[in-house]
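The next block is my_file-v1.txt, given as compact mmCIF, C-alpha atoms.
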# COMPACT_ATOMS: atom_id res chain seq x y z
CA MET I 524 31.48 138.60 -42.76
CA ASN I 525 27.90 138.30 -43.97
CA ALA I 526 26.56 134.84 -43.08
CA ALA I 527 23.47 135.18 -45.25
CA HIS I 528 22.75 132.33 -47.65
CA PRO I 529 23.56 133.10 -51.32
CA ARG I 530 20.02 132.06 -52.23
CA ASP I 531 18.74 134.96 -50.13
CA VAL I 532 21.40 137.50 -51.15
CA LEU I 533 21.56 136.92 -54.90
CA LEU I 534 18.06 137.84 -55.93
CA GLY I 535 17.39 138.36 -59.63
CA ALA I 536 14.18 139.49 -61.28
CA GLN I 537 14.31 136.83 -63.97
CA ALA I 538 16.27 134.09 -62.23
CA SER I 539 14.34 130.85 -61.88
CA ALA I 540 12.35 130.58 -58.69
CA TRP I 541 12.84 126.81 -58.72
CA ALA I 542 15.83 124.52 -59.08
CA LEU I 543 14.30 121.24 -60.21
CA PRO I 544 16.22 118.01 -60.86
CA VAL I 545 17.66 118.15 -64.38
CA CYS I 546 15.99 114.87 -65.41
CA ASP I 547 12.28 114.10 -65.53
CA HIS I 548 11.77 110.35 -65.98
CA TYR I 549 8.47 109.10 -67.43
CA SER I 550 6.91 105.67 -67.00
CA GLY I 551 3.35 104.45 -67.36
CA VAL I 552 3.41 100.65 -67.15
CA GLU I 553 2.92 99.30 -63.64
CA ALA I 554 6.14 97.27 -63.43
CA ARG I 555 8.18 100.16 -64.83
CA MET I 556 6.59 102.67 -62.48
CA HIS I 557 7.64 100.51 -59.52
CA LYS I 558 11.17 100.17 -60.94
CA SER I 559 11.41 103.93 -61.56
CA LEU I 560 10.59 104.73 -57.94
CA GLN I 561 13.10 102.14 -56.74
CA LEU I 562 15.79 103.53 -59.05
CA GLN I 563 15.12 107.05 -57.77
CA SER I 564 15.74 105.84 -54.23
CA GLU I 565 18.95 104.06 -55.26
CA LEU I 566 20.39 107.05 -57.10
CA THR I 567 19.42 109.40 -54.28
CA ALA I 568 21.50 107.25 -51.94
CA GLU I 569 24.36 107.18 -54.46
CA PHE I 570 24.48 110.91 -55.21
CA GLY I 571 23.34 112.28 -51.86
CA THR I 572 20.44 114.18 -53.44
CA CYS I 573 17.45 113.34 -55.61
CA VAL I 574 18.76 113.66 -59.17
CA PHE I 575 15.57 112.95 -61.14
CA ASP I 576 11.82 113.24 -60.82
CA VAL I 577 9.57 110.28 -61.53
CA THR I 578 6.49 111.23 -63.52
CA LEU I 579 3.84 108.53 -63.63
CA ASP I 580 1.98 108.66 -66.92
CA CYS I 581 -1.78 108.52 -67.36
CA GLU I 582 -1.96 110.04 -70.85
CA ASP I 583 0.02 107.36 -72.68
CA GLY I 584 0.17 104.81 -69.86
CA ALA I 585 -3.54 104.20 -69.38
CA PRO I 586 -5.14 101.58 -71.66
CA VAL I 587 -8.16 102.80 -73.60
CA GLY I 588 -11.20 102.05 -71.47
CA GLY I 589 -9.04 101.55 -68.38
CA GLU I 590 -8.37 105.18 -67.52
CA ILE I 591 -10.17 105.11 -64.17
CA GLU I 592 -8.36 101.99 -63.02
CA HIS I 593 -5.01 103.40 -64.13
CA ALA I 594 -5.56 106.64 -62.23
CA ALA I 595 -6.37 104.61 -59.12
CA LEU I 596 -3.18 102.56 -59.60
CA VAL I 597 -1.09 105.70 -59.98
CA THR I 598 -2.66 107.17 -56.85
CA GLU I 599 -1.80 104.09 -54.79
CA LEU I 600 1.79 104.17 -56.07
CA ILE I 601 2.13 107.81 -55.03
CA LEU I 602 0.69 107.18 -51.57
CA GLY I 603 2.94 104.15 -51.12
CA ALA I 604 6.14 105.88 -52.27
CA ALA I 605 8.89 106.82 -49.85
CA ALA I 606 8.22 109.99 -47.88
CA ASP I 607 11.08 111.84 -49.61
CA ALA I 608 10.28 110.60 -53.13
CA ARG I 609 9.87 113.19 -55.88
CA VAL I 610 6.79 111.96 -57.75
CA ALA I 611 4.62 113.70 -60.33
CA VAL I 612 1.83 112.65 -62.70
CA ARG I 613 0.95 113.40 -66.28
CA VAL I 614 -2.82 113.47 -66.60
CA HIS I 615 -4.92 113.53 -69.76
CA PRO I 616 -5.36 116.82 -71.67
CA VAL I 617 -7.98 119.23 -70.37
CA ASP I 618 -10.34 118.43 -73.27
CA HIS I 619 -10.10 114.66 -72.77
CA PRO I 620 -13.10 112.90 -71.17
CA SER I 621 -10.82 111.47 -68.45
CA PHE I 622 -9.18 114.74 -67.40
CA ASP I 623 -11.56 115.63 -64.56
CA ALA I 624 -11.60 112.06 -63.23
CA ASP I 625 -7.77 111.94 -63.33
CA VAL I 626 -7.46 115.15 -61.35
CA SER I 627 -10.21 114.32 -58.88
CA GLU I 628 -8.70 110.92 -58.10
CA ILE I 629 -4.99 111.72 -58.17
CA ALA I 630 -4.82 115.31 -56.93
CA GLY I 631 -7.78 114.79 -54.62
CA ARG I 632 -6.29 111.79 -52.84
CA ALA I 633 -2.54 112.27 -53.29
CA GLY I 634 -2.03 115.94 -54.13
CA HIS I 635 -0.10 116.47 -50.89
CA ARG I 636 2.48 113.91 -52.04
CA LEU I 637 2.90 115.24 -55.59
CA ARG I 638 5.71 117.57 -56.70
CA HIS I 639 3.72 118.78 -59.70
CA LEU I 640 1.01 117.86 -62.19
CA MET I 641 1.96 117.67 -65.87
CA VAL I 642 -0.81 118.84 -68.21
CA PRO I 643 -0.25 117.82 -71.86
CA LYS I 644 -1.39 119.51 -75.06
CA VAL I 645 -1.86 122.94 -73.50
CA GLU I 646 -2.86 125.35 -76.27
CA SER I 647 -3.47 128.58 -74.40
CA LEU I 648 -3.71 130.30 -71.05
CA ALA I 649 -7.37 129.26 -71.00
CA ASP I 650 -6.26 125.61 -70.78
CA VAL I 651 -4.01 126.48 -67.84
CA LEU I 652 -6.91 128.18 -66.07
CA ARG I 653 -9.12 125.17 -66.77
CA ALA I 654 -6.50 122.86 -65.21
CA ILE I 655 -6.07 125.10 -62.17
CA GLU I 656 -9.81 125.17 -61.61
CA ALA I 657 -9.92 121.37 -61.56
CA VAL I 658 -6.85 121.00 -59.34
CA ASP I 659 -8.14 123.56 -56.86
CA ALA I 660 -11.54 121.89 -56.79
CA ALA I 661 -9.75 118.66 -55.85
CA GLY I 662 -8.20 120.42 -52.86
CA ALA I 663 -4.64 120.72 -54.18
CA SER I 664 -4.34 124.48 -54.54
CA ALA I 665 -0.63 124.45 -53.65
CA LEU I 666 0.23 122.04 -56.49
CA PRO I 667 2.41 123.53 -59.28
CA LEU I 668 1.63 122.78 -62.92
CA HIS I 669 4.02 121.72 -65.63
CA VAL I 670 2.66 122.12 -69.14
CA LEU I 671 3.51 120.44 -72.40
CA ILE I 672 3.71 122.69 -75.48
CA GLU I 673 2.99 120.60 -78.58
CA SER I 674 1.67 122.80 -81.40
CA PRO I 675 2.64 125.93 -83.36
CA ALA I 676 -0.22 127.87 -81.76
CA ALA I 677 0.90 126.85 -78.27
CA VAL I 678 4.47 127.95 -79.05
CA HIS I 679 3.07 131.33 -80.14
CA ARG I 680 1.39 131.67 -76.72
CA ALA I 681 4.31 130.31 -74.68
CA PHE I 682 5.09 133.64 -73.01
CA ASP I 683 1.52 134.06 -71.78
CA ILE I 684 1.46 130.48 -70.51
CA ALA I 685 4.81 130.77 -68.74
CA ALA I 686 3.73 134.00 -67.05
CA HIS I 687 1.07 132.32 -64.90
CA PRO I 688 2.29 131.95 -61.29
CA ARG I 689 1.05 128.37 -60.96
CA VAL I 690 3.08 127.23 -63.97
CA GLN I 691 6.49 125.98 -62.89
CA SER I 692 7.86 124.52 -66.12
CA LEU I 693 7.22 124.26 -69.85
CA SER I 694 8.17 121.14 -71.82
CA PHE I 695 8.44 120.79 -75.57
CA GLY I 696 6.49 117.98 -77.27
CA LEU I 697 8.62 117.35 -80.34
CA MET I 698 6.71 114.59 -82.09
CA ASP I 699 3.29 116.19 -81.77
CA PHE I 700 4.78 119.52 -82.85
CA VAL I 701 6.18 117.97 -86.04
CA SER I 702 2.93 116.11 -86.72
CA ALA I 703 0.93 119.31 -86.26
CA HIS I 704 2.53 120.72 -89.41
CA GLY I 705 0.67 118.36 -91.74
CA GLY I 706 3.77 116.98 -93.42
CA ALA I 707 5.48 120.35 -93.87
CA ILE I 708 8.28 119.20 -91.53
CA PRO I 709 9.96 115.90 -92.53
CA ALA I 710 9.98 112.87 -90.25
CA ASP I 711 13.73 113.09 -89.65
CA ALA I 712 13.09 116.27 -87.62
CA MET I 713 11.85 113.93 -84.89
CA GLY I 714 15.26 112.25 -84.72
CA VAL I 715 18.37 113.23 -82.80
CA ALA I 716 20.05 115.03 -85.69
CA GLY I 717 17.02 116.57 -87.42
CA GLN I 718 15.52 118.16 -84.33
CA PHE I 719 18.63 120.33 -83.96
CA SER I 720 18.80 121.39 -87.60
CA HIS I 721 15.25 122.04 -88.82
CA PRO I 722 14.56 125.81 -88.50
CA LEU I 723 10.94 125.52 -87.35
CA VAL I 724 11.82 123.03 -84.64
CA GLN I 725 14.77 125.10 -83.50
CA ARG I 726 12.62 128.23 -83.45
CA ALA I 727 10.02 126.50 -81.28
CA LYS I 728 12.61 125.21 -78.82
CA LEU I 729 14.18 128.63 -78.47
CA ALA I 730 10.80 130.32 -77.99
CA ILE I 731 9.89 127.96 -75.16
CA ALA I 732 13.26 128.36 -73.44
CA SER I 733 13.06 132.14 -73.81
CA ALA I 734 9.51 132.26 -72.40
CA CYS I 735 10.61 130.26 -69.38
CA HIS I 736 13.64 132.39 -68.64
CA ALA I 737 11.61 135.58 -69.06
CA HIS I 738 9.29 134.48 -66.26
CA GLY I 739 11.63 132.50 -63.99
CA LYS I 740 10.31 129.08 -65.04
CA VAL I 741 12.10 125.84 -65.95
CA PRO I 742 12.42 124.88 -69.65
CA SER I 743 12.38 121.09 -70.08
CA HIS I 744 13.71 119.56 -73.30
CA ASN I 745 11.87 116.87 -75.19
CA VAL I 746 12.49 113.15 -75.11
CA VAL I 747 15.00 111.40 -77.39
CA THR I 748 13.25 108.32 -78.76
CA GLU I 749 16.45 106.52 -79.77
CA PHE I 750 16.68 105.37 -76.18
CA ARG I 751 19.32 102.67 -76.72
CA ASN I 752 21.74 105.10 -78.34
CA THR I 753 23.21 106.69 -75.23
CA ASP I 754 25.92 108.53 -77.18
CA ALA I 755 23.30 110.28 -79.30
CA LEU I 756 21.25 111.00 -76.19
CA GLN I 757 24.19 112.66 -74.46
CA ILE I 758 24.92 114.78 -77.53
CA ALA I 759 21.29 115.90 -77.67
CA ALA I 760 21.23 116.66 -73.95
CA SER I 761 24.48 118.63 -74.18
CA ARG I 762 23.18 120.71 -77.07
CA ALA I 763 19.90 121.37 -75.26
CA ALA I 764 21.80 122.54 -72.18
CA ARG I 765 24.69 124.40 -73.78
CA GLU I 766 23.11 125.87 -76.92
CA LEU I 767 19.36 126.19 -76.34
CA GLY I 768 19.11 127.22 -72.71
CA TYR I 769 17.29 124.17 -71.32
CA THR I 770 17.85 123.24 -67.69
CA ARG I 771 15.90 119.98 -67.60
CA MET I 772 15.17 117.06 -69.95
CA TRP I 773 12.80 114.13 -70.27
CA SER I 774 13.86 110.50 -69.96
CA ILE I 775 11.81 107.53 -71.13
CA HIS I 776 14.28 104.74 -70.32
CA PRO I 777 16.46 104.18 -67.24
CA ASP I 778 19.57 104.11 -69.44
CA GLN I 779 18.92 107.75 -70.38
CA ILE I 780 19.11 109.13 -66.84
CA ARG I 781 22.87 109.07 -66.27
CA PRO I 782 23.74 110.58 -69.69
CA ILE I 783 21.28 113.42 -69.00
CA LEU I 784 22.84 114.03 -65.59
CA ALA I 785 26.32 114.10 -67.13
CA ALA I 786 25.28 116.47 -69.93
CA PHE I 787 23.60 118.98 -67.62
CA ALA I 788 26.26 118.86 -64.91
CA PRO I 789 28.94 121.58 -64.78
CA SER I 790 32.53 120.48 -65.24
CA ASP I 791 34.99 120.15 -62.36
CA GLY I 792 36.67 123.34 -63.52
CA GLU I 793 33.40 125.27 -63.59
CA VAL I 794 32.56 124.13 -60.06
CA GLN I 795 36.00 125.07 -58.73
CA GLN I 796 35.80 128.49 -60.37
CA ALA I 797 32.32 129.12 -58.98
CA ALA I 798 33.43 128.16 -55.47
CA ALA I 799 36.49 130.42 -55.67
CA VAL I 800 34.52 133.44 -56.85
CA LEU I 801 31.75 133.06 -54.29
CA SER I 802 34.20 132.49 -51.46
CA CYS I 803 35.82 135.81 -52.33
CA ALA I 804 32.39 137.43 -52.53
CA VAL I 805 31.49 136.24 -49.03
CA ALA I 806 34.80 137.53 -47.68
CA ALA I 807 34.01 140.93 -49.22
CA ASP I 808 30.45 140.92 -47.82
CA TRP I 809 29.15 140.56 -51.40
CA ALA I 810 30.86 143.73 -52.62
CA PRO I 811 32.68 143.64 -56.01
CA VAL I 812 35.96 141.67 -56.00
CA SER I 813 38.84 140.90 -58.34
CA VAL I 814 39.62 137.23 -58.94
CA GLU I 815 42.59 136.37 -61.17
CA GLY I 816 42.50 139.84 -62.68
CA ARG I 817 38.79 139.85 -63.50
CA LEU I 818 36.12 141.96 -61.81
CA HIS I 819 33.11 140.19 -60.31
CA ASP I 820 29.95 141.62 -58.77
CA ARG I 821 26.35 140.60 -58.09
CA ALA I 822 25.69 139.74 -61.75
CA SER I 823 28.50 137.18 -61.96
CA TYR I 824 27.84 136.01 -58.40
CA ARG I 825 24.33 135.02 -59.50
CA PHE I 826 25.78 133.07 -62.41
CA TYR I 827 28.29 131.18 -60.27
CA TRP I 828 25.67 130.46 -57.63
CA GLN I 829 23.57 128.86 -60.36
CA VAL I 830 26.59 126.74 -61.34
CA LEU I 831 26.81 125.42 -57.79
CA VAL I 832 23.07 124.74 -57.66
CA ARG I 833 23.35 122.76 -60.89
CA ALA I 834 26.29 120.84 -59.46
CA HIS I 835 24.23 119.98 -56.40
CA GLN I 836 21.26 118.95 -58.55
CA THR I 837 23.40 116.50 -60.51
CA GLY I 838 25.17 114.95 -57.54
CA HIS I 839 28.51 116.62 -58.28
CA ALA I 840 30.92 116.77 -55.33
CA LEU I 841 31.22 120.32 -53.98
CA PRO I 842 34.30 121.93 -52.41
CA ASP I 843 34.21 122.14 -48.62
CA THR I 844 34.19 125.94 -48.84
CA VAL I 845 30.67 125.93 -50.32
CA ALA I 846 29.22 122.51 -49.45
CA HIS I 847 27.65 123.81 -46.23
CA TRP I 848 25.24 125.93 -48.27
CA PHE I 849 23.56 122.72 -49.44
CA GLN I 850 23.24 120.78 -46.20
CA SER I 851 19.52 121.54 -45.95
CA PHE I 852 19.09 123.22 -49.29
CA THR I 853 15.73 123.64 -50.94
CA ALA I 854 15.05 125.83 -53.94
CA GLU I 855 11.31 125.33 -54.24
CA PRO I 856 9.37 128.00 -52.38
CA ALA I 857 5.76 127.34 -51.52
CA LEU I 858 3.15 128.76 -53.84
CA HIS I 859 1.01 131.56 -52.44
What would the structure in this file look like if it were written as structure tokens?
Amino acid sequence: MNAAHPRDVLLGAQASAWALPVCDHYSGVEARMHKSLQLQSELTAEFGTCVFDVTLDCEDGAPVGGEIEHAALVTELILGAAADARVAVRVHPVDHPSFDADVSEIAGRAGHRLRHLMVPKVESLADVLRAIEAVDAAGASALPLHVLIESPAAVHRAFDIAAHPRVQSLSFGLMDFVSAHGGAIPADAMGVAGQFSHPLVQRAKLAIASACHAHGKVPSHNVVTEFRNTDALQIAASRAARELGYTRMWSIHPDQIRPILAAFAPSDGEVQQAAAVLSCAVAADWAPVSVEGRLHDRASYRFYWQVLVRAHQTGHALPDTVAHWFQSFTAEPALH
């Protein structure tokens, strides 16, 4: 029997190189940033794995005129976080006067503790290169970038942006995207229902997801602003995951985290099926097998491995037959 790890056996040209937590939680106010890091620790203990990233926000979190002080605060929070914390930062856009100071302070002092740097309002590959130049100058050349796509022009260039090896994920900025159309898209397209029905918004979401999957990157769905309506949030998250191909989603309130986890998690039946198929594959040394009258080979093995990875990411209990694959599992290779 081949004892090789499925991660090493089931290589796919367009499969994602990273398996990030399905939820990316944003906070920018000092008290909330502290609470977010504490909640991450609590849920990690509960689920047995880190189920969401904490992204500390400089773009919307910093008061006007207080950008330098806010960047210093964020840096101290990162350096003081638990050693196993998954912490990221959203800096100002590359054309903002505070961008270079943000990167110099945060990436320069705490880049070794960051999981990624989120760069908002990226319009083109040139903006990505500008961000990389600043990050590398700060001494954080191994730091992945996540980028926020917020305009029609940026959507048009999404494939070029996603192709860059330092870019790990693309996120969709719904509200700025709608606003960028000068009133041509109605305000209700920023709501839970409208964002899944307006053709231009749907087209943009699909383009971003497609660009990510074409280049093995992670598509991250936009925030739902109706943060107290958890039922609506779970519907939106389910549609993003099941219909639009997103594998990650933003949260802006602690009450949104568990509904996002539930929406992106595979069902018990899906997990059991994946475990059964892959157990048969291992027994056959990864050759084609028949399971309940259906043929399976490397193509379906890759799919079912991804189901198990998603189950692990969302804290879903795994059958004993496959749980050992995740005892020291990491799906984030170092950048070269």
Practice problem: Can you pull out every residue within 8 Å of I:Val800, counting only C-alpha atoms, but drop anything in the same chain fewer than 3 positions away, and send it as a list in words? | Solution: Gln796, Ala797, Cys803, Ala804, Val814, His819, Tyr824 and Tyr827 of chain I
Practice problem: Go through I:Arg765, I:Arg613, I:Arg771, I:His776 and flag the residue nearest I:Ser743, using all atoms listed in the file for the distances. | Solution: I:Arg771
Quiz item: Given the choices I:Ala630, I:Leu818, I:Ala760, I:Ala799, which gets closest to I:Phe719 if the distance is worked out from all atoms listed in the file?
Solution: I:Ala760
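For the residues I:Val552, I:Val532, I:Val670, I:Ala677, ranking by smallest atom-to-atom distance to I:Val741 using only C-alpha atoms places I:Val670 first.
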Quiz prompt | I:Ala710 surroundings by all atoms listed in the file, 8 Å radius, close-in-sequence under 3 positions cut, as a PyMOL selection string | solution = chain I and resi 701+713-714
Using all atoms listed in the file, which residues sit within 12 Å of I:Asp843 once same-chain residues fewer than 6 positions away are excluded, as a PDB file with C-alpha atoms, in the frame of the given file?
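This is the output file part_22.pdb:
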ATOM      1  CA  VAL I 794      32.560 124.130 -60.060  1.00  0.00           C
ATOM      2  CA  GLN I 795      36.000 125.070 -58.730  1.00  0.00           C
ATOM      3  CA  ALA I 798      33.430 128.160 -55.470  1.00  0.00           C
ATOM      4  CA  ALA I 799      36.490 130.420 -55.670  1.00  0.00           C
ATOM      5  CA  SER I 802      34.200 132.490 -51.460  1.00  0.00           C
ATOM      6  CA  PHE I 849      23.560 122.720 -49.440  1.00  0.00           C
ATOM      7  CA  GLN I 850      23.240 120.780 -46.200  1.00  0.00           C
TER       8      GLN I 850
END
Quiz item: Near I:Ile783, counting only C-alpha atoms, which residues have an atom at most 12 Å away, once you skip same-chain residues fewer than 6 positions from it, shown as an NGL selection string?
Solution: :I and (544-548 or 574-575 or 743-747 or 750 or 753-764 or 769-777 or 789 or 836-837)
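Across the structure, atom CA of I:Glu793 and atom CA of I:His528 are spaced 20.4 Å apart.
Counting from atom CA of I:Gly634, the distance to atom CA of I:Pro586 is 22.9 Å.
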Quiz item: What lies within 9 Å of I:Val690 using all atoms listed in the file, ignoring chain neighbours under 4 positions off, as a PyMOL selection string?
Solution: chain I and resi 651+667-670+684-686+740
Output C-alpha atoms of each residue in that selection to a file, as a tab-separated table (two decimals), in the coordinates of the input.
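So result29.tsv came out as:
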chain	number	residue	atom	x	y	z
I	651	VAL	CA	-4.01	126.48	-67.84
I	667	PRO	CA	2.41	123.53	-59.28
I	668	LEU	CA	1.63	122.78	-62.92
I	669	HIS	CA	4.02	121.72	-65.63
I	670	VAL	CA	2.66	122.12	-69.14
I	684	ILE	CA	1.46	130.48	-70.51
I	685	ALA	CA	4.81	130.77	-68.74
I	686	ALA	CA	3.73	134.00	-67.05
I	740	LYS	CA	10.31	129.08	-65.04
Taking all atoms of stretch 775-788 of chain I that the file lists and extending 3 Å past them on each side, where is the centre of the axis-aligned box and how long are its edges? Answer in Å to one decimal, as AutoDock Vina command-line options.
--center_x 19.1 --center_y 111.5 --center_z -68.0 --size_x 20.5 --size_y 20.9 --size_z 12.2
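You can rank I:Asp683, I:Glu592, I:Asp650, I:Glu673 by their closest distance to I:Ala703 using only C-alpha atoms, and at the top of that list sits I:Glu673.
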Quiz prompt | Neighbours of point (6.5, 100.5, -63.9) within 12 Å, using all atoms listed in the file, written as a PyMOL selection string | solution = chain I and resi 548-562+577-580+584+593+596-597+600+775-777
Quiz item: Which residue out of I:Pro616, I:Ala806, I:Ser627, I:Ala608 has the minimum interatomic distance to I:Gln563 when only C-alpha atoms are used?
Solution: I:Ala608
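Shortest separation to I:Cys581 among I:Ala707, I:Leu831, I:Leu841, I:Ala624 occurs at residue I:Ala624, atoms counted being all atoms listed in the file.
Taking atom CA of I:Ser692 and atom CA of I:Lys644 as endpoints, the distance between them is 13.8 Å.
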Selection as a PDB file with C-alpha atoms, in the coordinates of the input: residues within 12 Å of (-10.2, 115.0, -67.1), counting all atoms listed in the file:
ATOM      1  CA  CYS I 581      -1.780 108.520 -67.360  1.00  0.00           C
ATOM      2  CA  GLU I 582      -1.960 110.040 -70.850  1.00  0.00           C
ATOM      3  CA  GLU I 590      -8.370 105.180 -67.520  1.00  0.00           C
ATOM      4  CA  ILE I 591     -10.170 105.110 -64.170  1.00  0.00           C
ATOM      5  CA  ALA I 594      -5.560 106.640 -62.230  1.00  0.00           C
ATOM      6  CA  ARG I 613       0.950 113.400 -66.280  1.00  0.00           C
ATOM      7  CA  VAL I 614      -2.820 113.470 -66.600  1.00  0.00           C
ATOM      8  CA  HIS I 615      -4.920 113.530 -69.760  1.00  0.00           C
ATOM      9  CA  PRO I 616      -5.360 116.820 -71.670  1.00  0.00           C
ATOM     10  CA  VAL I 617      -7.980 119.230 -70.370  1.00  0.00           C
ATOM     11  CA  ASP I 618     -10.340 118.430 -73.270  1.00  0.00           C
ATOM     12  CA  HIS I 619     -10.100 114.660 -72.770  1.00  0.00           C
ATOM     13  CA  PRO I 620     -13.100 112.900 -71.170  1.00  0.00           C
ATOM     14  CA  SER I 621     -10.820 111.470 -68.450  1.00  0.00           C
ATOM     15  CA  PHE I 622      -9.180 114.740 -67.400  1.00  0.00           C
ATOM     16  CA  ASP I 623     -11.560 115.630 -64.560  1.00  0.00           C
ATOM     17  CA  ALA I 624     -11.600 112.060 -63.230  1.00  0.00           C
ATOM     18  CA  ASP I 625      -7.770 111.940 -63.330  1.00  0.00           C
ATOM     19  CA  VAL I 626      -7.460 115.150 -61.350  1.00  0.00           C
ATOM     20  CA  SER I 627     -10.210 114.320 -58.880  1.00  0.00           C
ATOM     21  CA  GLU I 628      -8.700 110.920 -58.100  1.00  0.00           C
ATOM     22  CA  ILE I 629      -4.990 111.720 -58.170  1.00  0.00           C
ATOM     23  CA  ALA I 630      -4.820 115.310 -56.930  1.00  0.00           C
ATOM     24  CA  VAL I 642      -0.810 118.840 -68.210  1.00  0.00           C
ATOM     25  CA  PRO I 643      -0.250 117.820 -71.860  1.00  0.00           C
ATOM     26  CA  ASP I 650      -6.260 125.610 -70.780  1.00  0.00           C
ATOM     27  CA  ARG I 653      -9.120 125.170 -66.770  1.00  0.00           C
ATOM     28  CA  ALA I 654      -6.500 122.860 -65.210  1.00  0.00           C
ATOM     29  CA  ILE I 655      -6.070 125.100 -62.170  1.00  0.00           C
ATOM     30  CA  GLU I 656      -9.810 125.170 -61.610  1.00  0.00           C
ATOM     31  CA  ALA I 657      -9.920 121.370 -61.560  1.00  0.00           C
ATOM     32  CA  VAL I 658      -6.850 121.000 -59.340  1.00  0.00           C
ATOM     33  CA  ALA I 661      -9.750 118.660 -55.850  1.00  0.00           C
TER      34      ALA I 661
END
Repair of stretch 568-579 of chain I at the level of N, CA, C and O atoms, as a tab-separated table (two decimals), in the frame of the given file:
chain	number	residue	atom	x	y	z
I	568	ALA	N	20.49	107.72	-52.89
I	568	ALA	CA	21.50	107.25	-51.94
I	568	ALA	C	22.90	107.37	-52.52
I	568	ALA	O	23.85	107.72	-51.81
I	569	GLU	N	23.04	107.11	-53.82
I	569	GLU	CA	24.36	107.18	-54.46
I	569	GLU	C	24.89	108.60	-54.54
I	569	GLU	O	26.07	108.86	-54.24
I	570	PHE	N	24.04	109.55	-54.96
I	570	PHE	CA	24.48	110.91	-55.21
I	570	PHE	C	24.31	111.85	-54.01
I	570	PHE	O	24.83	112.95	-54.01
I	571	GLY	N	23.55	111.44	-53.02
I	571	GLY	CA	23.34	112.28	-51.86
I	571	GLY	C	22.26	113.32	-52.04
I	571	GLY	O	22.03	114.14	-51.15
I	572	THR	N	21.56	113.29	-53.17
I	572	THR	CA	20.44	114.18	-53.44
I	572	THR	C	19.58	113.52	-54.51
I	572	THR	O	20.06	112.65	-55.25
I	573	CYS	N	18.33	113.92	-54.59
I	573	CYS	CA	17.45	113.34	-55.61
I	573	CYS	C	17.78	113.95	-56.97
I	573	CYS	O	17.61	115.16	-57.16
I	574	VAL	N	18.26	113.14	-57.91
I	574	VAL	CA	18.76	113.66	-59.17
I	574	VAL	C	17.75	113.57	-60.32
I	574	VAL	O	18.02	114.05	-61.42
I	575	PHE	N	16.61	112.93	-60.09
I	575	PHE	CA	15.57	112.95	-61.14
I	575	PHE	C	14.19	112.79	-60.52
I	575	PHE	O	14.02	112.17	-59.49
I	576	ASP	N	13.23	113.43	-61.18
I	576	ASP	CA	11.82	113.24	-60.82
I	576	ASP	C	11.29	112.00	-61.52
I	576	ASP	O	11.72	111.64	-62.62
I	577	VAL	N	10.33	111.36	-60.89
I	577	VAL	CA	9.57	110.28	-61.53
I	577	VAL	C	8.19	110.82	-61.84
I	577	VAL	O	7.46	111.24	-60.94
I	578	THR	N	7.83	110.81	-63.12
I	578	THR	CA	6.49	111.23	-63.52
I	578	THR	C	5.72	110.01	-64.00
I	578	THR	O	6.09	109.38	-65.01
I	579	LEU	N	4.69	109.67	-63.29
I	579	LEU	CA	3.84	108.53	-63.63
I	579	LEU	C	2.83	108.99	-64.68
I	579	LEU	O	2.21	110.04	-64.54
